[in-house]
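K.L.:
query.txt (compact mmCIF, C-alpha atoms) pasted underneath:
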```txt
# COMPACT_ATOMS: atom_id res chain seq x y z
CA MET A 25 -6.37 29.96 2.37
CA GLY A 26 -8.59 32.07 0.08
CA MET A 27 -5.72 32.21 -2.40
CA ALA A 28 -5.34 28.44 -2.24
CA ILE A 29 -9.02 27.89 -2.96
CA ASP A 30 -8.85 30.39 -5.83
CA MET A 31 -5.94 28.50 -7.32
CA ARG A 32 -7.69 25.13 -6.93
CA ASN A 33 -10.69 26.57 -8.74
CA ARG A 34 -8.52 28.09 -11.45
CA MET A 35 -6.98 24.67 -12.12
CA ALA A 36 -10.40 23.00 -12.06
CA LYS A 37 -11.78 25.62 -14.46
CA ARG A 38 -8.92 25.02 -16.89
CA ALA A 39 -9.55 21.26 -16.72
CA ALA A 40 -13.28 21.83 -17.31
CA ALA A 41 -12.44 23.54 -20.61
CA GLU A 42 -11.16 20.16 -21.86
CA ILE A 43 -14.58 18.52 -21.46
CA LYS A 44 -16.40 18.43 -24.77
CA SER A 45 -20.09 17.98 -25.38
CA GLY A 46 -21.21 14.33 -25.18
CA MET A 47 -18.18 13.01 -23.33
CA VAL A 48 -18.19 10.30 -20.64
CA VAL A 49 -15.84 11.58 -17.93
CA ASN A 50 -14.39 10.10 -14.74
CA LEU A 51 -13.11 12.47 -12.06
CA GLY A 52 -10.64 11.66 -9.32
CA ILE A 53 -10.83 13.02 -5.78
CA GLY A 54 -9.47 16.43 -4.73
CA ILE A 55 -9.28 19.25 -7.31
CA PRO A 56 -10.80 17.10 -10.11
CA SER A 57 -14.00 16.85 -8.05
CA LEU A 58 -14.37 20.67 -8.39
CA VAL A 59 -14.43 20.47 -12.19
CA PRO A 60 -18.25 20.15 -12.65
CA ASN A 61 -18.71 23.51 -10.86
CA HIS A 62 -17.02 25.15 -13.84
CA LEU A 63 -19.21 23.71 -16.58
CA PRO A 64 -22.23 25.58 -17.93
CA ARG A 65 -25.55 24.51 -16.42
CA ASP A 66 -27.06 21.50 -18.25
CA PHE A 67 -23.82 20.89 -20.17
CA PRO A 68 -24.24 17.52 -21.95
CA VAL A 69 -21.73 15.27 -20.17
CA MET A 70 -22.07 11.95 -18.35
CA PHE A 71 -19.90 11.65 -15.25
CA HIS A 72 -18.89 8.06 -14.56
CA ALA A 73 -18.06 6.68 -11.11
CA GLU A 74 -16.20 3.41 -10.46
CA ASN A 75 -18.75 2.19 -7.95
CA GLY A 76 -21.40 2.03 -10.66
CA ILE A 77 -22.96 5.39 -11.52
CA ILE A 78 -23.19 6.78 -15.02
CA GLY A 79 -24.68 10.26 -15.04
CA MET A 80 -23.56 11.49 -11.65
CA GLY A 81 -25.00 14.88 -10.72
CA GLN A 82 -24.08 17.50 -8.16
CA SER A 83 -24.04 17.07 -4.38
CA PRO A 84 -27.49 17.36 -2.82
CA ILE A 85 -28.19 20.20 -0.43
CA HIS A 86 -27.64 19.54 3.27
CA GLY A 87 -30.41 17.38 4.66
CA GLU A 88 -31.26 15.75 1.33
CA GLU A 89 -28.32 13.36 1.13
CA ASP A 90 -29.03 9.71 0.37
CA GLU A 91 -26.56 7.36 2.08
CA ASN A 92 -27.02 4.87 -0.77
CA LEU A 93 -26.19 7.38 -3.50
CA CYS A 94 -22.54 8.29 -3.14
CA ASN A 95 -19.54 8.77 -5.42
CA ALA A 96 -16.47 6.51 -5.36
CA GLY A 97 -15.06 8.61 -2.51
CA GLY A 98 -18.13 7.90 -0.37
CA PHE A 99 -19.71 11.36 -0.57
CA PRO A 100 -23.36 12.01 -1.48
CA VAL A 101 -24.17 12.87 -5.09
CA SER A 102 -27.26 12.82 -7.30
CA LEU A 103 -28.28 11.26 -10.61
CA VAL A 104 -29.02 13.26 -13.75
CA ALA A 105 -31.83 12.47 -16.18
CA GLY A 106 -30.68 9.55 -18.33
CA GLY A 107 -28.32 8.34 -15.62
CA SER A 108 -28.14 4.72 -14.51
CA TYR A 109 -26.65 2.38 -11.93
CA CYS A 110 -24.63 -0.77 -12.54
CA ASP A 111 -22.38 -3.05 -10.52
CA SER A 112 -18.64 -2.33 -10.21
CA SER A 113 -17.61 -4.93 -12.80
CA VAL A 114 -19.78 -3.26 -15.44
CA ALA A 115 -18.45 0.17 -14.41
CA PHE A 116 -14.92 -1.08 -15.07
CA GLY A 117 -15.97 -2.89 -18.24
CA MET A 118 -16.86 0.56 -19.57
CA ILE A 119 -13.36 1.78 -18.73
CA ARG A 120 -11.52 -1.20 -20.23
CA ARG A 121 -13.74 -1.18 -23.34
CA GLY A 122 -12.75 2.43 -24.05
CA LYS A 123 -16.12 4.01 -23.29
CA VAL A 124 -14.66 6.58 -20.90
CA ASP A 125 -13.46 9.51 -23.00
CA LEU A 126 -11.58 11.40 -20.34
CA THR A 127 -10.29 10.96 -16.83
CA ILE A 128 -9.03 13.87 -14.75
CA LEU A 129 -6.97 12.86 -11.74
CA GLY A 130 -4.38 14.00 -9.26
CA SER A 131 -0.81 12.68 -9.10
CA LEU A 132 2.36 12.57 -7.05
CA GLN A 133 4.68 12.63 -10.07
CA VAL A 134 4.39 12.64 -13.85
CA SER A 135 7.32 11.97 -16.18
CA GLU A 136 8.11 13.85 -19.38
CA THR A 137 6.94 10.79 -21.34
CA GLY A 138 3.59 10.67 -19.54
CA ASP A 139 4.31 8.01 -16.91
CA LEU A 140 1.93 8.39 -13.98
CA ALA A 141 2.91 7.74 -10.34
CA ASN A 142 -0.05 8.36 -8.06
CA TRP A 143 -0.70 5.33 -5.90
CA ILE A 144 2.07 4.67 -3.43
CA VAL A 145 4.88 6.29 -1.45
CA PRO A 146 6.88 3.27 -0.27
CA GLY A 147 7.16 3.09 3.50
CA LYS A 148 5.04 6.22 3.98
CA LYS A 149 1.71 6.17 2.29
CA VAL A 150 0.25 2.99 0.85
CA PRO A 151 -3.41 3.63 0.07
CA GLY A 152 -3.67 1.16 -2.82
CA MET A 153 -4.41 1.77 -6.47
CA GLY A 154 -8.19 1.65 -6.38
CA GLY A 155 -9.33 2.13 -9.96
CA ALA A 156 -6.42 4.33 -11.02
CA MET A 157 -4.53 1.68 -13.02
CA GLU A 158 -7.50 0.81 -15.23
CA LEU A 159 -8.43 4.47 -15.69
CA ALA A 160 -4.87 5.53 -16.51
CA GLN A 161 -4.34 2.68 -18.93
CA LYS A 162 -7.74 2.60 -20.64
CA ALA A 163 -9.45 6.00 -20.56
CA LYS A 164 -9.12 7.62 -23.98
CA LYS A 165 -7.47 10.71 -22.50
CA VAL A 166 -5.75 11.23 -19.15
CA ILE A 167 -5.36 14.72 -17.71
CA VAL A 168 -3.41 15.24 -14.49
CA VAL A 169 -4.24 18.19 -12.25
CA MET A 170 -1.60 18.73 -9.57
CA ASN A 171 0.67 21.35 -8.03
CA GLN A 172 3.89 22.16 -9.84
CA THR A 173 5.90 21.20 -6.73
CA ASP A 174 5.35 19.05 -3.65
CA LYS A 175 5.21 20.45 -0.13
CA HIS A 176 9.02 20.35 0.07
CA GLY A 177 9.32 22.43 -3.10
CA GLN A 178 10.42 19.47 -5.24
CA ALA A 179 9.27 19.41 -8.86
CA LYS A 180 6.51 16.89 -9.54
CA ILE A 181 7.08 16.86 -13.31
CA VAL A 182 10.25 14.83 -13.72
CA GLN A 183 12.41 13.15 -16.31
CA LYS A 184 11.74 9.75 -14.77
CA CYS A 185 9.40 9.02 -11.85
CA SER A 186 11.16 7.92 -8.67
CA LEU A 187 7.89 6.62 -7.18
CA PRO A 188 6.30 3.31 -8.27
CA LEU A 189 4.27 3.77 -11.44
CA THR A 190 0.52 3.54 -11.80
CA SER A 191 0.80 3.30 -15.57
CA THR A 192 3.33 4.15 -18.28
CA GLY A 193 3.03 6.75 -21.05
CA CYS A 194 -0.64 7.50 -20.37
CA VAL A 195 -0.77 11.20 -19.40
CA LYS A 196 -1.64 13.55 -22.27
CA MET A 197 -1.96 16.84 -20.38
CA ILE A 198 -0.81 18.32 -17.07
CA ILE A 199 -2.49 21.31 -15.45
CA THR A 200 -0.61 22.77 -12.49
CA ASP A 201 -0.91 25.90 -10.37
CA MET A 202 1.65 27.53 -12.71
CA ALA A 203 1.16 26.16 -16.18
CA VAL A 204 -0.44 23.82 -18.70
CA PHE A 205 1.65 21.20 -20.50
CA ALA A 206 0.82 18.71 -23.21
CA ILE A 207 2.70 15.45 -23.58
CA GLU A 208 3.10 14.65 -27.25
CA LYS A 209 4.40 11.46 -28.79
CA ASN A 210 7.13 13.11 -30.84
CA ARG A 211 7.94 16.22 -28.85
CA GLY A 212 7.56 15.04 -25.27
CA LEU A 213 6.65 17.64 -22.68
CA VAL A 214 5.40 20.85 -24.32
CA LEU A 215 4.61 24.04 -22.43
CA HIS A 216 1.34 25.55 -23.70
CA GLU A 217 0.14 28.03 -21.09
CA VAL A 218 1.53 29.97 -18.14
CA PHE A 219 -0.72 31.25 -15.38
CA LYS A 220 -0.07 34.88 -14.45
CA PRO A 221 1.78 36.19 -12.51
CA HIS A 222 4.17 33.29 -13.15
CA THR A 223 6.80 33.44 -15.88
CA ILE A 224 8.29 30.85 -18.21
CA ASP A 225 11.56 30.97 -16.25
CA GLU A 226 9.72 30.30 -13.02
CA VAL A 227 7.92 27.33 -14.55
CA LEU A 228 11.17 25.89 -15.90
CA GLN A 229 12.84 26.38 -12.52
CA HIS A 230 10.19 24.16 -10.95
CA THR A 231 10.17 21.48 -13.64
CA ALA A 232 12.72 18.65 -13.48
CA ALA A 233 12.30 17.55 -17.07
CA THR A 234 13.08 18.61 -20.63
CA VAL A 235 10.52 21.15 -21.81
CA SER A 236 9.68 22.13 -25.38
CA PHE A 237 7.68 25.25 -26.15
CA HIS A 238 4.46 25.60 -28.03
CA ASP A 239 4.58 28.15 -30.89
CA LYS A 240 2.26 30.52 -29.09
CA ILE A 241 2.43 30.22 -25.36
CA ILE A 242 -0.67 31.69 -23.76
CA PHE A 243 -0.35 33.80 -20.64
CA SER A 244 -3.70 33.61 -18.86
CA MET B 13 -48.87 -23.30 -6.95
CA THR B 14 -45.28 -24.43 -6.49
CA GLN B 15 -43.82 -23.50 -3.13
CA VAL B 16 -40.24 -22.22 -3.02
CA LEU B 17 -37.84 -22.54 -0.13
CA ASN B 18 -38.12 -19.79 2.46
CA LYS B 19 -34.60 -18.61 3.31
CA VAL B 20 -35.48 -15.92 5.83
CA SER B 21 -33.37 -16.43 8.95
CA SER B 22 -32.44 -14.68 12.17
CA ILE B 23 -28.94 -13.50 13.09
CA GLU B 24 -28.86 -16.26 15.75
CA GLU B 25 -29.53 -18.86 13.05
CA VAL B 26 -26.56 -17.77 10.91
CA ASN B 27 -24.14 -17.00 13.75
CA HIS B 28 -22.75 -20.57 13.81
CA LEU B 29 -21.55 -20.14 10.22
CA PHE B 30 -18.76 -17.73 11.20
CA PHE B 31 -15.46 -19.32 12.24
CA ASP B 32 -11.84 -18.40 12.95
CA GLY B 33 -9.75 -18.32 9.79
CA MET B 34 -12.71 -18.21 7.41
CA THR B 35 -12.51 -16.52 4.05
CA LEU B 36 -15.05 -13.72 4.15
CA MET B 37 -16.15 -11.78 1.10
CA TYR B 38 -18.15 -8.61 1.62
CA GLY B 39 -20.07 -6.25 -0.61
CA GLY B 40 -19.69 -2.49 -0.37
CA PHE B 41 -17.67 0.45 -1.62
CA GLY B 42 -16.34 2.82 1.05
CA GLY B 43 -18.86 1.28 3.43
CA VAL B 44 -21.78 2.17 1.16
CA GLY B 45 -23.68 -1.05 0.57
CA SER B 46 -21.85 -3.05 3.26
CA PRO B 47 -24.23 -5.06 5.50
CA PRO B 48 -24.17 -3.38 8.95
CA THR B 49 -26.11 -5.97 10.96
CA LEU B 50 -24.01 -8.91 9.73
CA ILE B 51 -20.75 -7.00 10.26
CA GLU B 52 -21.80 -6.20 13.84
CA ALA B 53 -22.70 -9.88 14.44
CA ILE B 54 -19.32 -11.09 13.13
CA LYS B 55 -17.58 -8.46 15.24
CA LYS B 56 -19.52 -9.52 18.36
CA LYS B 57 -18.81 -13.22 17.82
CA GLY B 58 -15.12 -12.32 17.99
CA VAL B 59 -13.85 -14.57 15.20
CA SER B 60 -10.32 -13.78 14.11
CA GLN B 61 -7.55 -14.64 11.65
CA LEU B 62 -10.04 -13.76 8.94
CA LYS B 63 -9.11 -13.74 5.28
CA LEU B 64 -11.05 -10.93 3.67
CA ILE B 65 -11.89 -10.23 0.05
CA GLY B 66 -13.51 -6.91 -0.76
CA ASN B 67 -13.17 -3.59 -2.57
CA ASP B 68 -11.68 -1.60 0.32
CA THR B 69 -11.31 -1.53 4.10
CA GLY B 70 -14.02 1.07 4.70
CA PHE B 71 -13.34 3.70 7.34
CA PRO B 72 -12.14 2.81 10.88
CA HIS B 73 -15.72 2.87 12.20
CA ILE B 74 -17.62 2.23 8.96
CA GLY B 75 -18.41 -1.01 7.13
CA ILE B 76 -15.85 -3.83 7.25
CA GLY B 77 -13.48 -1.31 8.87
CA LYS B 78 -15.15 -2.13 12.20
CA ILE B 79 -13.66 -5.64 12.01
CA VAL B 80 -10.37 -4.70 10.33
CA SER B 81 -9.65 -2.03 12.96
CA LEU B 82 -9.84 -4.63 15.75
CA GLY B 83 -6.95 -6.60 14.24
CA ARG B 84 -9.14 -9.60 13.46
CA VAL B 85 -7.91 -9.92 9.89
CA SER B 86 -4.73 -11.77 8.93
CA HIS B 87 -4.95 -11.36 5.15
CA ILE B 88 -6.92 -9.22 2.75
CA ILE B 89 -7.28 -9.00 -1.02
CA THR B 90 -8.45 -5.48 -1.80
CA SER B 91 -7.90 -2.45 -4.01
CA HIS B 92 -7.78 0.40 -1.51
CA ILE B 93 -7.10 0.94 2.19
CA GLY B 94 -6.56 4.72 2.09
CA SER B 95 -9.73 5.67 3.97
CA ASN B 96 -8.84 3.42 6.91
CA PRO B 97 -5.51 4.50 8.48
CA ILE B 98 -5.68 1.62 10.99
CA ALA B 99 -5.53 -0.83 8.08
CA GLY B 100 -2.37 0.95 6.91
CA GLU B 101 -0.81 0.66 10.38
CA LEU B 102 -1.66 -3.06 10.62
CA MET B 103 -0.06 -3.62 7.23
CA THR B 104 3.08 -1.61 8.08
CA ASP B 105 3.43 -3.44 11.42
CA GLY B 106 3.21 -6.78 9.61
CA LYS B 107 0.01 -7.74 11.42
CA MET B 108 -2.13 -7.91 8.28
CA VAL B 109 -1.00 -9.05 4.85
CA VAL B 110 -2.48 -6.87 2.11
CA GLU B 111 -2.64 -8.12 -1.47
CA PHE B 112 -3.57 -5.20 -3.73
CA SER B 113 -5.56 -5.89 -6.87
CA PRO B 114 -6.65 -3.19 -9.34
CA GLN B 115 -10.27 -2.35 -8.52
CA GLY B 116 -11.95 -3.50 -11.72
CA ILE B 117 -9.80 -6.61 -11.94
CA LEU B 118 -10.69 -7.46 -8.34
CA ALA B 119 -14.39 -7.09 -9.21
CA GLU B 120 -13.88 -9.30 -12.25
CA ARG B 121 -11.98 -11.96 -10.23
CA ILE B 122 -14.92 -12.09 -7.84
CA ARG B 123 -17.36 -12.24 -10.75
CA ALA B 124 -15.35 -15.08 -12.32
CA GLY B 125 -15.52 -16.96 -9.02
CA GLY B 126 -19.27 -16.50 -9.00
CA MET B 127 -19.52 -17.57 -12.62
CA GLY B 128 -17.70 -20.83 -12.01
CA LEU B 129 -14.62 -19.86 -13.99
CA PRO B 130 -11.04 -20.46 -12.76
CA GLY B 131 -9.78 -17.00 -13.69
CA ILE B 132 -9.59 -14.24 -16.26
CA LEU B 133 -6.95 -12.93 -18.65
CA SER B 134 -5.97 -9.34 -18.01
CA ASN B 135 -3.84 -6.70 -19.70
CA ILE B 136 -4.14 -4.28 -16.79
CA ALA B 137 -0.90 -3.39 -14.99
CA THR B 138 0.96 -6.35 -16.54
CA ASP B 139 4.18 -4.33 -16.36
CA ASN B 140 3.65 -3.37 -12.72
CA ASP B 141 6.04 -5.17 -10.35
CA ILE B 142 3.62 -5.21 -7.43
CA VAL B 143 0.54 -6.33 -9.36
CA GLN B 144 2.24 -8.98 -11.49
CA LYS B 145 4.23 -10.55 -8.66
CA GLY B 146 3.86 -14.34 -8.71
CA LYS B 147 1.32 -14.36 -11.54
CA SER B 148 1.59 -16.42 -14.70
CA PHE B 149 1.30 -15.15 -18.25
CA CYS B 150 -0.02 -16.57 -21.48
CA GLU B 151 -0.03 -15.50 -25.08
CA ILE B 152 -2.94 -15.21 -27.47
CA GLY B 153 -1.75 -14.37 -30.95
CA GLU B 154 0.93 -11.74 -30.54
CA LYS B 155 -0.35 -10.44 -27.24
CA ARG B 156 0.70 -11.27 -23.72
CA TYR B 157 -1.86 -11.50 -20.93
CA MET B 158 -1.70 -12.01 -17.19
CA VAL B 159 -3.69 -14.75 -15.51
CA GLU B 160 -5.77 -13.30 -12.68
CA THR B 161 -7.24 -16.10 -10.58
CA ALA B 162 -10.91 -16.23 -9.67
CA LEU B 163 -11.93 -15.56 -6.08
CA THR B 164 -14.53 -17.36 -3.98
CA ALA B 165 -15.11 -17.40 -0.24
CA ASP B 166 -16.40 -19.60 2.57
CA ILE B 167 -18.96 -16.91 3.34
CA SER B 168 -20.17 -13.91 1.36
CA ILE B 169 -22.12 -11.16 3.07
CA VAL B 170 -24.06 -8.69 0.96
CA TYR B 171 -26.53 -5.86 1.40
CA ALA B 172 -29.64 -5.32 -0.72
CA LYS B 173 -32.68 -3.11 -0.75
CA LYS B 174 -35.25 -5.86 -1.07
CA ALA B 175 -35.39 -9.63 -1.10
CA ASP B 176 -38.29 -11.97 -1.60
CA THR B 177 -38.30 -15.07 0.59
CA PHE B 178 -36.49 -17.10 -2.11
CA GLY B 179 -33.60 -14.61 -1.98
CA ASN B 180 -34.13 -12.78 -5.26
CA LEU B 181 -32.44 -9.42 -4.70
CA ILE B 182 -32.76 -5.87 -5.88
CA PHE B 183 -30.34 -3.16 -4.82
CA ASP B 184 -30.48 0.52 -3.94
CA LYS B 185 -28.77 3.05 -6.26
CA SER B 186 -24.97 3.08 -5.81
CA ALA B 187 -25.23 0.64 -2.88
CA ARG B 188 -25.33 -2.07 -5.55
CA ASN B 189 -21.58 -1.73 -6.36
CA THR B 190 -19.85 -5.08 -5.62
CA ASN B 191 -22.84 -6.75 -3.96
CA PRO B 192 -24.22 -8.69 -6.96
CA LEU B 193 -20.68 -10.01 -7.62
CA CYS B 194 -19.99 -11.06 -4.03
CA ALA B 195 -23.45 -12.65 -3.82
CA MET B 196 -22.47 -15.11 -6.54
CA ALA B 197 -19.01 -15.97 -5.22
CA GLY B 198 -19.75 -17.21 -1.70
CA ASP B 199 -19.87 -20.93 -0.93
CA ILE B 200 -22.54 -19.68 1.46
CA THR B 201 -24.12 -16.30 0.77
CA ILE B 202 -25.99 -14.31 3.39
CA ALA B 203 -28.00 -11.33 2.19
CA GLU B 204 -28.93 -8.59 4.64
CA VAL B 205 -31.86 -6.60 3.28
CA GLU B 206 -33.88 -3.54 4.13
CA GLU B 207 -37.18 -5.18 3.26
CA ILE B 208 -38.36 -8.77 2.87
CA VAL B 209 -41.39 -9.40 0.68
CA PRO B 210 -43.31 -12.58 -0.27
CA VAL B 211 -42.36 -14.35 -3.51
CA GLY B 212 -44.24 -12.85 -6.41
CA ASN B 213 -43.95 -9.31 -5.06
CA LEU B 214 -40.81 -8.45 -7.03
CA GLN B 215 -41.10 -7.93 -10.76
CA ALA B 216 -39.17 -10.79 -12.38
CA GLU B 217 -37.60 -8.25 -14.76
CA GLU B 218 -36.21 -6.06 -11.99
CA ILE B 219 -34.38 -8.81 -10.08
CA ILE B 220 -30.61 -8.27 -10.25
CA THR B 221 -29.41 -11.29 -8.27
CA PRO B 222 -31.44 -14.48 -8.74
CA GLY B 223 -32.24 -16.23 -5.45
CA VAL B 224 -30.32 -19.37 -6.43
CA PHE B 225 -27.15 -17.56 -5.30
CA VAL B 226 -28.54 -16.68 -1.87
CA ASP B 227 -28.62 -19.13 1.06
CA TYR B 228 -29.85 -16.99 3.94
CA ILE B 229 -31.79 -13.73 4.20
CA ILE B 230 -31.47 -11.47 7.23
CA GLN B 231 -33.59 -8.43 8.05
CA SER B 232 -31.28 -5.40 8.35
CA GLU B 233 -31.38 -3.27 11.46
CA GLY B 234 -29.92 -0.39 9.45
CA VAL B 235 -26.61 1.40 9.50
CA ASP B 236 -25.15 1.75 13.00
CA TRP B 237 -22.32 4.12 12.06
CA LYS B 238 -21.99 7.78 11.24
CA TRP B 239 -20.92 8.53 7.67
CA ALA B 240 -17.80 10.61 6.99
CA TRP B 241 -19.97 13.34 5.43
CA GLN B 242 -22.38 13.57 8.39
```
Show this structure as structure tokens.
P.N.:
Amino acid sequence: MGMAIDMRNRMAKRAAAEIKSGMVVNLGIGIPSLVPNHLPRDFPVMFHAENGIIGMGQSPIHGEEDENLCNAGGFPVSLVAGGSYCDSSVAFGMIRRGKVDLTILGSLQVSETGDLANWIVPGKKVPGMGGAMELAQKAKKVIVVMNQTDKHGQAKIVQKCSLPLTSTGCVKMIITDMAVFAIEKNRGLVLHEVFKPHTIDEVLQHTAATVSFHDKIIFS
Amino acid sequence: MTQVLNKVSSIEEVNHLFFDGMTLMYGGFGGVGSPPTLIEAIKKKGVSQLKLIGNDTGFPHIGIGKIVSLGRVSHIITSHIGSNPIAGELMTDGKMVVEFSPQGILAERIRAGGMGLPGILSNIATDNDIVQKGKSFCEIGEKRYMVETALTADISIVYAKKADTFGNLIFDKSARNTNPLCAMAGDITIAEVEEIVPVGNLQAEEIITPGVFVDYIIQSEGVDWKWAWQ
């Protein structure tokens, strides 16, 4: 369990490194929600939430939660200086208008061309798309943070998604528990980093897609 | 001084408005900002075959989930049911028809309804089989857009922090969410509020929903559920 938490934090930390000063960022539930813990204190970023918060701050300490100040997942948060509230239509207007620089979200499958499948497992799990379709299609950059394989050991990075798509060709980067990939227009899926103690061979074994290699693969 | 209509009512006075088969729109996001006292009243009245329009189905014991979980809903237009497993079971068993709409497009369809427009043009998920099913398309210049129809309801129930007696509303932090949109889109809108003040006590500049959209104001008795994080 400790190992699992370490790995989740390692992935979140790697994703946090993609957040640049001044960005407006939307985080999905799960590992992406751990990302702010890995940013320097007072780092200049505005976290956006679909329910209508711009400038979301950390979770309040136990006993100081406000039931009317929660993130899109329904859990208590706070507001940073300069933050504001709006209704949900305005929150999504910001997404569609291209004001959200980066979204970091989880996924069930990602294809080698950046197709995202994260909203439905037909006949099994049908939670609905929530705001994922707008975020995937309209955020300036989409980063997926997910495990390399599913609980049955099947690769989640695939040539073509077998699950219904959330959006096509939108994912620009994938961070897994084994590696970091970029998805580039001309080269497709490109391996950039491998997390120790894993090896390139191991990563390829658990990837069901065509992989190109970055000139200097980093082992971190 | 001009007098304005006083819309403050009791739950008993609005109870007759709820009927079997009504279209019911509700504010709230994961139960946050859903009106607890009105939801309890609708639940107690026992109306069924409801057609719901709202962001999500709450949790089984939170928000609109309290009504959904009893099987009182025949049809729902929503964006997410993942936090309410009973909603998923009802859908799988064919007892509740679920029409999924992308979250921001759903909000905008409700807003369009409230703004007196017949629909909006969208380029979200136009290539998605499930979202585009049965919808018409149009072209503007070289681009193809999907027609997303506006949504209105027989009754809209919303939750606000404060109302004056005319029904001008202000909201509380992230509990605003879909409430200002739903408030505009009800044929009849009932606002449940934490505090009712005389007209003139709200700053005109701070009012989010003008009272013209509100028909009834109910004093909230507060949340009667336990939050998932508690």
K.L.:
Within 7 Å of chain B, which residues belong to chain A? Use only C-alpha atoms and report them as a ChimeraX atom specification.
P.N.:
/A:75-77,92-94,97-99,109-113,116,150-155,157-158,191
K.L.:
Using all atoms listed in the file, which of B:Ile54, B:Ala172, B:Ala124, B:Met37 sits nearest Glu204 in chain B?
P.N.:
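Of B:Ile54, B:Ala172, B:Ala124, B:Met37, the one nearest Glu204 in chain B is B:Ala172, counting all atoms listed in the file.
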K.L.:
Mind checking which residues fall within 9 Å of Gly177 in chain A, counting all atoms listed in the file, ignoring those fewer than 4 positions away in the same chain, and posting them as number ranges by chain?
P.N.:
A: 172-173, 230
K.L.:
Can you measure CA of Val101 in chain A to CA of Gly46 in chain A for me? One decimal in Å is fine.
P.N.:
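Atom-to-atom, CA of Val101 in chain A to CA of Gly46 in chain A, that is 20.4 Å.
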K.L.:
Identify the residues around (-35.0, -10.4, -2.0) within a radius of 10 Å, measuring from only C-alpha atoms in the coordinates stated by the file, and give them as a PyMOL selection string.
P.N.:
chain B and resi 19-20+172-183+203-211+213-214+219-223+226+229-230
K.L.:
Mind checking which residues fall within 12 Å of Asp30 in chain A, counting only C-alpha atoms, ignoring those fewer than 5 positions away in the same chain, and posting them as a list of chain:residue names?
P.N.:
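My reading of the contact set: A:Met25, A:Met35, A:Ala36, A:Lys37, A:Ile55, A:Leu58, A:Asp201.
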K.L.:
In file coordinates, which residues lie within 6 Å of (-7.4, -12.8, -11.5) using only C-alpha atoms, given as number ranges by chain?
P.N.:
B: 121, 131-132, 159-162
K.L.:
Just to confirm, what's the straight-line distance from CA of Cys194 in chain B to CA of Gly75 in chain B in Å (one decimal)?
P.N.:
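So the answer is 15.1 Å.
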K.L.:
For Ile198 in chain A, which of A:Val235, A:Ala39, A:Val114, A:Ile144 is the closest residue, counting all atoms listed in the file?
P.N.:
A:Ala39
K.L.:
Check the smallest atom-to-atom distance from each of A:Leu228, A:Ala160, A:Val218, A:Ile241 to Ser131 in chain A using only C-alpha atoms, then report the winner.
P.N.:
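Distance minimum relative to Ser131 in chain A lands on A:Ala160.
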K.L.:
Measure the distance from CA of Glu88 in chain A to CA of Gly106 in chain A in Å and round it to one decimal.
P.N.:
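CA of Gly106 in chain A lies 20.6 Å from CA of Glu88 in chain A.
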K.L.:
Quick one: residues within 7 Å of Met170 in chain A, all atoms listed in the file counted, chain neighbours fewer than 5 positions away excluded, as a VMD selection string?
P.N.:
chain A and resid 130 to 131 199 to 200
K.L.:
Need to verify the contact set: Glu136 in chain A, 8 Å, all atoms listed in the file, exclusion of same-chain residues closer than 6 positions in sequence. Can you return it as a PyMOL selection string?
P.N.:
chain A and resi 181-184+207+212-213+233-234
K.L.:
Export, as a compact mmCIF listing (two decimals), in the coordinates of the input, the selected residues with C-alpha atoms.
P.N.:
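Result written to part_14.txt:
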```
# COMPACT_ATOMS: atom_id res chain seq x y z
CA ILE A 181 7.08 16.86 -13.31
CA VAL A 182 10.25 14.83 -13.72
CA GLN A 183 12.41 13.15 -16.31
CA LYS A 184 11.74 9.75 -14.77
CA ILE A 207 2.70 15.45 -23.58
CA GLY A 212 7.56 15.04 -25.27
CA LEU A 213 6.65 17.64 -22.68
CA ALA A 233 12.30 17.55 -17.07
CA THR A 234 13.08 18.61 -20.63
```
K.L.:
Within 10 Å of Leu102 in chain B, counting only C-alpha atoms, which residues show up once you throw out same-chain ones fewer than 5 positions away? Write them as a ChimeraX atom specification, please.
P.N.:
/B:80-83,85-86,97,107-110
